[in-house]
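The file target02.tsv contains TSV, C-alpha atoms:
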chain	number	residue	atom	x	y	z
A	2	MET	CA	-19.94	66.69	12.50
A	3	ILE	CA	-19.11	70.35	11.99
A	4	SER	CA	-18.14	72.81	14.69
A	5	GLY	CA	-20.84	75.40	14.08
A	6	MET	CA	-23.79	76.55	12.03
A	7	LEU	CA	-25.23	79.71	10.52
A	8	ALA	CA	-28.61	80.95	11.73
A	9	ARG	CA	-31.03	83.85	11.55
A	10	LYS	CA	-32.04	85.68	14.70
A	11	ILE	CA	-35.83	85.60	14.98
A	12	GLY	CA	-36.42	87.46	18.23
A	13	MET	CA	-36.49	87.20	21.98
A	14	SER	CA	-39.06	85.69	24.31
A	15	GLN	CA	-39.42	83.85	27.59
A	16	VAL	CA	-40.10	80.18	28.15
A	17	PHE	CA	-40.97	78.12	31.20
A	18	GLN	CA	-38.72	75.29	32.25
A	19	ASP	CA	-39.89	72.05	33.77
A	20	ASN	CA	-39.40	73.29	37.33
A	21	GLY	CA	-41.52	76.34	36.57
A	22	THR	CA	-38.81	78.98	36.31
A	23	MET	CA	-39.01	81.39	33.43
A	24	VAL	CA	-35.90	81.92	31.34
A	25	PRO	CA	-35.23	84.65	28.76
A	26	VAL	CA	-34.39	83.16	25.39
A	27	THR	CA	-33.31	84.24	21.93
A	28	VAL	CA	-34.98	82.30	19.13
A	29	LEU	CA	-32.69	81.36	16.24
A	30	GLN	CA	-33.63	79.58	13.04
A	31	VAL	CA	-30.70	77.35	12.29
A	32	GLY	CA	-29.43	75.83	9.03
A	33	PRO	CA	-29.73	73.66	7.03
A	34	MET	CA	-26.34	73.90	5.36
A	35	THR	CA	-24.88	71.97	2.45
A	36	VAL	CA	-21.21	71.19	1.99
A	37	THR	CA	-19.99	73.02	-1.10
A	38	GLN	CA	-16.24	72.48	-0.91
A	39	LYS	CA	-13.60	70.77	1.18
A	40	LYS	CA	-10.28	72.36	2.04
A	41	ASN	CA	-7.35	70.02	2.58
A	42	LYS	CA	-4.14	70.40	4.50
A	43	ASP	CA	-2.01	69.44	1.50
A	44	ARG	CA	-3.56	71.89	-0.93
A	45	ASP	CA	-4.88	74.73	1.24
A	46	GLY	CA	-2.69	74.45	4.32
A	47	TYR	CA	-5.56	73.55	6.67
A	48	ASP	CA	-8.52	71.23	6.99
A	49	GLY	CA	-11.88	72.93	6.58
A	50	VAL	CA	-15.38	72.49	5.24
A	51	GLN	CA	-17.13	75.18	3.24
A	52	LEU	CA	-20.89	75.20	3.58
A	53	GLY	CA	-23.70	77.09	1.87
A	54	PHE	CA	-26.63	78.69	3.74
A	55	GLU	CA	-30.04	79.81	2.40
A	56	GLU	CA	-30.97	78.63	-1.07
A	57	ILE	CA	-31.73	81.36	-3.61
A	58	ALA	CA	-32.61	81.61	-7.30
A	59	GLU	CA	-29.69	80.97	-9.62
A	60	ARG	CA	-30.11	84.34	-11.39
A	61	LYS	CA	-29.20	86.06	-8.12
A	62	LEU	CA	-25.67	84.68	-8.18
A	63	ASN	CA	-22.82	86.54	-9.81
A	64	ARG	CA	-20.63	84.82	-12.39
A	65	PRO	CA	-17.72	83.83	-10.13
A	66	THR	CA	-20.03	82.29	-7.50
A	67	LYS	CA	-21.99	80.54	-10.23
A	68	GLY	CA	-18.79	78.95	-11.46
A	69	HIS	CA	-17.76	77.98	-7.93
A	70	LEU	CA	-21.13	76.33	-7.25
A	71	LYS	CA	-21.36	74.57	-10.62
A	72	GLY	CA	-23.79	71.66	-10.41
A	73	GLN	CA	-24.83	72.54	-6.86
A	74	THR	CA	-27.82	74.36	-5.40
A	75	PRO	CA	-27.33	78.15	-5.47
A	76	VAL	CA	-26.87	79.60	-1.98
A	77	ARG	CA	-26.73	83.08	-0.53
A	78	ILE	CA	-23.92	82.68	1.96
A	79	LEU	CA	-20.78	80.54	2.01
A	80	ARG	CA	-18.98	79.99	5.28
A	81	GLU	CA	-16.19	77.70	6.43
A	82	PHE	CA	-16.22	75.53	9.54
A	83	ARG	CA	-13.96	72.87	10.97
A	84	ALA	CA	-15.13	69.26	11.07
A	85	GLU	CA	-14.05	66.74	13.69
A	86	ASP	CA	-14.34	63.85	11.25
A	87	HIS	CA	-12.97	65.76	8.29
A	88	ASP	CA	-12.40	62.70	6.09
A	89	ALA	CA	-15.98	61.47	6.47
A	90	VAL	CA	-17.51	64.70	5.18
A	91	THR	CA	-18.40	64.74	1.49
A	92	VAL	CA	-19.39	67.55	-0.85
A	93	GLY	CA	-23.18	67.76	-1.06
A	94	GLN	CA	-23.66	66.45	2.47
A	95	LYS	CA	-26.28	68.26	4.54
A	96	PHE	CA	-26.07	69.42	8.14
A	97	ASP	CA	-28.86	70.84	10.24
A	98	HIS	CA	-29.71	71.88	13.79
A	99	SER	CA	-29.39	68.27	14.96
A	100	ILE	CA	-25.67	68.88	15.57
A	101	PHE	CA	-26.78	70.77	18.70
A	102	ASN	CA	-28.26	69.28	21.87
A	103	GLU	CA	-30.39	70.80	24.57
A	104	GLY	CA	-28.31	71.92	27.52
A	105	GLU	CA	-25.18	72.34	25.44
A	106	LEU	CA	-22.96	75.40	25.79
A	107	VAL	CA	-22.38	77.48	22.66
A	108	SER	CA	-21.03	80.85	21.66
A	109	VAL	CA	-22.82	83.07	19.18
A	110	VAL	CA	-21.07	85.43	16.77
A	111	GLY	CA	-23.02	88.25	15.16
A	112	THR	CA	-22.84	91.81	13.93
A	113	SER	CA	-24.03	94.24	16.58
A	114	LYS	CA	-26.66	96.87	15.83
A	115	GLY	CA	-25.05	99.95	14.26
A	116	ARG	CA	-25.47	103.10	16.34
A	117	GLY	CA	-23.61	105.52	14.07
A	118	PHE	CA	-21.24	108.21	15.38
A	119	THR	CA	-21.74	108.10	19.11
A	120	GLY	CA	-20.54	110.27	21.96
A	121	VAL	CA	-18.28	109.11	24.72
A	122	MET	CA	-21.01	108.59	27.31
A	123	LYS	CA	-22.95	106.06	25.28
A	124	ARG	CA	-19.94	104.44	23.62
A	125	HIS	CA	-17.60	104.06	26.59
A	126	GLY	CA	-19.86	104.73	29.56
A	127	PHE	CA	-18.14	107.97	30.62
A	128	GLY	CA	-19.84	109.96	33.33
A	129	GLY	CA	-19.97	113.31	31.54
A	130	GLN	CA	-20.01	116.66	33.36
A	131	PRO	CA	-22.53	117.97	35.88
A	132	ALA	CA	-25.60	119.50	34.32
A	133	SER	CA	-25.70	122.60	36.52
A	134	HIS	CA	-23.58	124.79	38.83
A	135	GLY	CA	-21.89	126.65	35.98
A	136	HIS	CA	-20.64	123.68	34.01
A	137	ARG	CA	-20.65	123.64	30.22
A	138	GLY	CA	-20.99	120.61	28.04
A	139	LYS	CA	-22.60	117.94	30.12
A	140	ARG	CA	-21.86	115.09	27.64
A	141	LEU	CA	-18.25	116.05	26.86
A	142	PRO	CA	-15.36	113.67	27.67
A	143	GLY	CA	-13.38	116.21	29.74
A	144	SER	CA	-9.61	116.16	29.72
A	145	ILE	CA	-8.01	113.87	27.17
A	146	GLY	CA	-4.44	114.04	28.41
A	147	GLN	CA	-1.63	116.00	30.05
A	148	CYS	CA	0.12	119.32	29.15
A	149	ALA	CA	3.54	120.26	27.66
A	150	PHE	CA	4.75	116.77	28.32
A	151	PRO	CA	3.88	114.56	26.44
A	152	ALA	CA	2.25	117.31	24.30
A	153	ARG	CA	0.19	114.75	22.45
A	154	VAL	CA	-2.76	112.47	22.97
A	155	PHE	CA	-1.89	108.86	23.72
A	156	LYS	CA	-2.99	106.21	21.29
A	157	GLY	CA	-6.07	104.27	22.31
A	158	ARG	CA	-7.66	107.28	24.04
A	159	LYS	CA	-11.39	106.57	24.32
A	160	MET	CA	-13.34	109.13	22.31
A	161	GLY	CA	-16.54	109.44	20.32
A	162	GLY	CA	-16.87	107.61	17.03
A	163	GLN	CA	-18.62	104.80	15.18
A	164	PHE	CA	-20.32	102.50	17.68
A	165	GLY	CA	-21.82	99.15	16.82
A	166	ASN	CA	-21.96	97.35	13.46
A	167	THR	CA	-18.91	95.33	14.48
A	168	GLN	CA	-18.47	91.62	15.05
A	169	VAL	CA	-19.44	90.64	18.57
A	170	THR	CA	-19.15	87.20	20.20
A	171	THR	CA	-21.24	86.16	23.17
A	172	GLN	CA	-19.73	83.15	24.90
A	173	GLY	CA	-21.07	80.48	27.19
A	174	LEU	CA	-24.74	80.53	26.25
A	175	THR	CA	-26.93	77.52	27.04
A	176	ILE	CA	-29.27	75.90	24.55
A	177	VAL	CA	-32.59	75.77	26.38
A	178	LYS	CA	-34.79	74.05	23.83
A	179	ILE	CA	-34.80	72.82	20.24
A	180	ILE	CA	-37.98	72.79	18.13
A	181	ASP	CA	-37.32	70.37	15.28
A	182	ASN	CA	-40.19	71.20	12.92
A	183	GLU	CA	-39.23	74.81	12.43
A	184	ARG	CA	-35.48	74.32	12.95
A	185	LEU	CA	-35.65	76.65	15.94
A	186	VAL	CA	-32.98	76.72	18.61
A	187	LEU	CA	-33.73	78.62	21.82
A	188	ILE	CA	-30.68	80.05	23.50
A	189	LYS	CA	-30.68	81.47	27.01
A	190	GLY	CA	-29.84	85.14	27.06
A	191	ALA	CA	-29.21	87.77	24.41
A	192	VAL	CA	-27.39	87.42	21.11
A	193	PRO	CA	-25.74	90.26	19.14
A	194	GLY	CA	-27.50	91.87	16.18
A	195	PRO	CA	-31.00	92.83	15.05
A	196	ASN	CA	-33.91	90.44	14.48
A	197	GLY	CA	-33.43	88.83	11.08
A	198	GLY	CA	-29.66	89.23	11.37
A	199	LEU	CA	-27.18	86.53	10.42
A	200	VAL	CA	-25.40	84.86	13.34
A	201	THR	CA	-22.98	81.97	13.71
A	202	ILE	CA	-23.51	79.42	16.49
A	203	ARG	CA	-20.28	77.75	17.54
A	204	LYS	CA	-19.89	74.82	19.86
A	205	SER	CA	-17.78	75.80	22.83
B	5	MET	CA	-40.66	86.27	11.22
B	6	PRO	CA	-43.35	86.92	13.83
B	7	ASP	CA	-44.98	83.59	12.88
B	8	LEU	CA	-41.96	81.69	14.17
B	9	MET	CA	-42.18	83.57	17.46
B	10	LYS	CA	-45.77	82.34	17.72
B	11	VAL	CA	-44.60	78.76	17.31
B	12	VAL	CA	-42.39	79.22	20.34
B	13	GLU	CA	-44.90	81.10	22.43
B	14	GLN	CA	-47.98	79.06	21.61
B	15	SER	CA	-46.36	75.93	23.02
B	16	GLN	CA	-46.08	77.76	26.35
B	17	LEU	CA	-49.76	78.64	26.67
B	18	ARG	CA	-52.08	76.92	29.15
B	19	GLU	CA	-55.68	76.28	28.23
B	20	ASP	CA	-56.91	75.18	31.65
B	21	ILE	CA	-56.81	78.54	33.40
B	22	PRO	CA	-60.34	79.99	33.67
B	23	ALA	CA	-61.03	83.38	32.13
B	24	PHE	CA	-61.03	85.77	35.07
B	25	ARG	CA	-61.08	89.53	34.77
B	26	VAL	CA	-59.77	92.50	36.64
B	27	GLY	CA	-61.87	92.92	39.78
B	28	CYS	CA	-62.43	89.20	40.29
B	29	THR	CA	-61.62	87.66	43.62
B	30	VAL	CA	-59.57	84.56	42.93
B	31	ARG	CA	-57.78	81.79	44.76
B	32	VAL	CA	-54.46	80.88	43.15
B	33	ASN	CA	-53.17	77.44	44.09
B	34	TYR	CA	-49.46	77.83	43.63
B	35	ARG	CA	-46.88	75.06	43.90
B	36	ILE	CA	-43.94	75.97	46.07
B	37	SER	CA	-40.98	73.77	46.77
B	38	GLU	CA	-39.38	73.69	50.20
B	39	GLY	CA	-36.13	71.82	49.96
B	40	ASN	CA	-37.15	68.78	47.97
B	41	LYS	CA	-40.76	68.71	49.17
B	42	GLU	CA	-43.44	70.32	47.12
B	43	ARG	CA	-46.70	71.67	48.44
B	44	ILE	CA	-49.52	73.83	47.22
B	45	GLN	CA	-50.10	77.21	48.72
B	46	ALA	CA	-53.36	79.04	48.19
B	47	TYR	CA	-53.26	82.77	47.71
B	48	GLU	CA	-56.54	84.62	47.73
B	49	GLY	CA	-57.26	88.18	46.72
B	50	VAL	CA	-58.51	90.65	44.15
B	51	VAL	CA	-57.03	90.78	40.64
B	52	ILE	CA	-55.98	94.39	40.24
B	53	ARG	CA	-54.06	94.12	36.98
B	54	LYS	CA	-53.69	91.88	33.96
B	55	HIS	CA	-50.58	92.47	31.92
B	56	LEU	CA	-50.36	91.58	28.20
B	57	GLY	CA	-53.63	89.62	27.80
B	58	ASP	CA	-54.42	85.91	27.99
B	59	LYS	CA	-52.97	84.76	24.66
B	60	ASN	CA	-49.46	86.01	25.41
B	61	SER	CA	-47.06	83.53	26.98
B	62	LYS	CA	-45.44	86.35	28.94
B	63	ALA	CA	-48.72	87.56	30.42
B	64	THR	CA	-48.97	88.13	34.17
B	65	PHE	CA	-51.63	89.17	36.66
B	66	THR	CA	-51.40	90.86	40.03
B	67	VAL	CA	-53.43	89.72	43.03
B	68	ARG	CA	-53.85	92.05	46.00
B	69	LYS	CA	-54.92	91.10	49.48
B	70	MET	CA	-54.76	92.54	52.97
B	71	THR	CA	-52.71	90.58	55.49
B	72	GLN	CA	-52.62	91.83	59.09
B	73	GLY	CA	-53.29	95.36	57.99
B	74	HIS	CA	-50.69	95.36	55.24
B	75	GLY	CA	-51.44	95.26	51.55
B	76	VAL	CA	-49.72	92.35	49.78
B	77	GLU	CA	-49.51	92.12	46.01
B	78	ARG	CA	-48.24	89.08	44.17
B	79	ILE	CA	-47.56	88.87	40.47
B	80	PHE	CA	-48.15	85.50	38.81
B	81	PRO	CA	-47.31	84.52	35.22
B	82	ILE	CA	-50.67	83.29	33.89
B	83	HIS	CA	-49.17	80.37	31.98
B	84	SER	CA	-46.71	79.29	34.65
B	85	PRO	CA	-46.62	75.51	35.21
B	86	ARG	CA	-46.26	76.28	38.91
B	87	ILE	CA	-49.87	77.39	39.07
B	88	GLU	CA	-51.87	74.33	40.04
B	89	SER	CA	-55.23	75.99	39.43
B	90	VAL	CA	-57.07	79.30	39.65
B	91	GLN	CA	-60.52	79.43	41.23
B	92	ILE	CA	-62.82	82.37	40.66
B	93	LEU	CA	-64.58	83.16	43.93
B	94	LYS	CA	-66.36	86.38	42.98
B	95	HIS	CA	-66.83	88.44	39.85
B	96	GLY	CA	-66.41	92.11	40.65
B	97	HIS	CA	-68.12	95.01	38.98
B	98	VAL	CA	-65.35	97.48	38.14
B	99	ARG	CA	-64.98	100.37	35.73
B	100	ARG	CA	-61.19	100.44	35.45
B	101	ALA	CA	-58.66	98.18	33.73
B	102	LYS	CA	-56.17	98.59	36.58
B	103	LEU	CA	-57.40	98.84	40.15
B	104	TYR	CA	-54.46	100.77	41.54
B	105	TYR	CA	-56.86	102.99	43.46
B	106	LEU	CA	-57.39	100.12	45.90
B	107	ARG	CA	-53.91	100.79	47.26
B	108	GLU	CA	-55.09	104.03	48.81
B	109	ARG	CA	-58.19	102.52	50.34
B	110	ARG	CA	-58.81	100.08	53.08
B	111	GLY	CA	-61.71	98.47	54.85
B	112	LYS	CA	-65.15	99.37	53.58
B	113	ALA	CA	-63.81	101.79	50.98
B	114	ALA	CA	-61.85	99.01	49.29
B	115	ARG	CA	-64.92	96.89	48.62
B	116	ILE	CA	-65.78	95.89	45.06
B	117	ARG	CA	-69.40	95.49	44.03
B	118	GLU	CA	-70.18	91.97	42.88
B	119	LYS	CA	-71.35	91.39	39.37
B	120	ILE	CA	-74.50	89.27	39.56
B	121	SER	CA	-75.02	88.61	35.88
B	122	ALA	CA	-71.48	87.44	35.18
B	123	ARG	CA	-71.76	84.45	37.43
B	124	SER	CA	-74.85	83.08	35.75
B	125	ARG	CA	-73.35	83.64	32.31
B	126	SER	CA	-70.13	81.77	33.01

Serialized structure, structure tokens:
Amino acid sequence: MISGMLARKIGMSQVFQDNGTMVPVTVLQVGPMTVTQKKNKDRDGYDGVQLGFEEIAERKLNRPTKGHLKGQTPVRILREFRAEDHDAVTVGQKFDHSIFNEGELVSVVGTSKGRGFTGVMKRHGFGGQPASHGHRGKRLPGSIGQCAFPARVFKGRKMGGQFGNTQVTTQGLTIVKIIDNERLVLIKGAVPGPNGGLVTIRKS
Amino acid sequence: MPDLMKVVEQSQLREDIPAFRVGCTVRVNYRISEGNKERIQAYEGVVIRKHLGDKNSKATFTVRKMTQGHGVERIFPIHSPRIESVQILKHGHVRRAKLYYLRERRGKAARIREKISARSRS
């Protein structure tokens, strides 16, 4: 059994639970993943399992990946996970969404939507300046430090800059429902990234 | 991608709710739980809004009624398992999709003409 699984974010919706309450869910299409390589403590310094996600045509692989996956199905993405029963896992073994159960707590790792170069109000939630009464620059950050001492701006000062398109983890999400036929896992709440984006579900 | 969303949402839909329209007077039998007892409460009034259409699992409708001189509006999810049943009491003849104008009227002015033909058709 591996500790997590790759998935594609499909979108958000709402579903009814048995007691009639409506819960917001994110729909993820999970796995399947095939073991492509095993890492061992003796040779690599740690125990790990490398798995492939999303089969593609062989001509889409570059030479190094082709060599690495010799004799195996060509895959788009390779990712490593830990396995509880490391010794029992064999190369070529398949894992799917059945490693998850309804009601289980998971964390989801994804890449947040990129928002480009963003001002301080949107990026850090600053209040900005008043819009009227003789003020200028209603979206400016204001003062960024002191005067002659220290005569510089401290490191870590919150300013405008690239916002989004970074790795974000959402922890403690509940699996509401699993639809086996389509490999869909419904997770309560929001998950980072756009629809169609690649996310990792980790058992927590 | 949208096809997979349909898989999720179609499983939520209920087929047994009758097709009522805006302007209909309906009785919604709604299950409410008090402590660990469950009972059915009827709520009767005019449908003044339908949100998102019947085939959408997130669809809701708003029922307005007058209680002791105060207007009360309740929003129900159409496909909620808490709805025991919906009875159509009257088909109204209306020319709007949303009957928000009823909020400014009361008494005789808030009446809705009944549609005669609709009843025989359905």

For this session: Return the neighbours of chain B among the residues of chain A, cut-off 10 Å, counting only C-alpha atoms, as JSON, numbers by chain.
Result: {"A": [9, 10, 11, 12, 13, 14, 15, 16, 17, 18, 19, 20, 21, 22, 23, 27, 28, 29, 30, 178, 179, 180, 182, 183, 184, 185, 186, 187, 196, 197]}

Problem set entry | Contact residues around region 33-48 of chain A with only C-alpha atoms at 6 Å, ignoring same-chain residues under 3 positions, as an NGL selection string | :A and (51-54 or 92-97)

Exercise. What separation in Å, quoted to one decimal, exists between CA of Gly161 (chain A) and CA of Pro142 (chain A)?
Worked result: 8.6 Å

Exercise. Can you tell me, as a VMD selection string, what residues are no more than 8 Å from Glu88 (chain B) when counting all atoms listed in the file, ignoring any on the same chain fewer than 5 positions away?
Worked result: chain B and resid 32 to 35 44

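CA of Thr29 (chain B) lies 18.4 Å from CA of Gln72 (chain B).
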
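Closest approach to Asp20 (chain B) among B:Arg100, B:Ile116, B:Ile82, B:Lys69 is made by B:Ile82 (distances from all atoms listed in the file).
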
For this session: Tell me, as a ChimeraX atom specification, which residues lie within 12 Å of region 130-133 of chain A, counting only C-alpha atoms; anything in the same chain fewer than 4 positions away does not count.
Result: /A:121-122,137-144

Could you dump the residues just selected with C-alpha atoms as a PDB file, keeping the file's coordinate frame?
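The file below, out-v2.pdb, is the result:
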ATOM      1  CA  VAL A 121     -18.280 109.110  24.720  1.00  0.00           C
ATOM      2  CA  MET A 122     -21.010 108.590  27.310  1.00  0.00           C
ATOM      3  CA  ARG A 137     -20.650 123.640  30.220  1.00  0.00           C
ATOM      4  CA  GLY A 138     -20.990 120.610  28.040  1.00  0.00           C
ATOM      5  CA  LYS A 139     -22.600 117.940  30.120  1.00  0.00           C
ATOM      6  CA  ARG A 140     -21.860 115.090  27.640  1.00  0.00           C
ATOM      7  CA  LEU A 141     -18.250 116.050  26.860  1.00  0.00           C
ATOM      8  CA  PRO A 142     -15.360 113.670  27.670  1.00  0.00           C
ATOM      9  CA  GLY A 143     -13.380 116.210  29.740  1.00  0.00           C
ATOM     10  CA  SER A 144      -9.610 116.160  29.720  1.00  0.00           C
TER      11      SER A 144
END

Exercise. Could you pull the residues within 7 Å of region 113-117 of chain A, counting all atoms listed in the file, minus those fewer than 5 positions along the same chain, as an NGL selection string?
Worked result: :A and (163-169 or 193-195)

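Pairwise distance (CA of Pro65 (chain A), CA of Val110 (chain A)) equals 27.2 Å.
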
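Distances from B:Gln45, B:Lys94, B:Leu106, B:Gly73 to Phe24 (chain B) were compared using all atoms listed in the file, and the smallest one belongs to B:Lys94.
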
Which residues come within 6 Å of Ile188 (chain A), counting all atoms listed in the file, excluding same-chain residues fewer than 2 positions away, as a compact mmCIF listing (two decimals) with C-alpha atoms, keeping the file's coordinate frame?
# COMPACT_ATOMS: atom_id res chain seq x y z
CA VAL A 26 -34.39 83.16 25.39
CA THR A 27 -33.31 84.24 21.93
CA THR A 175 -26.93 77.52 27.04
CA ILE A 176 -29.27 75.90 24.55
CA VAL A 177 -32.59 75.77 26.38

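Restricting the calculation to only C-alpha atoms, the smallest distance between Met6 (chain A) and any of A:Gly32, A:Gly198, A:Gly162, A:Gly173 is found for A:Gly32.
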
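Counting all atoms listed in the file and comparing B:Gly111, B:Val76, B:Arg25, B:Gly96, the residue that lies closest to Arg53 (chain B) is B:Arg25.
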
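Candidate residues B:Leu93, B:Val98, B:Ala114, B:Ala63 were compared for distance to Val26 (chain B), and the nearest is B:Val98, using only C-alpha atoms.
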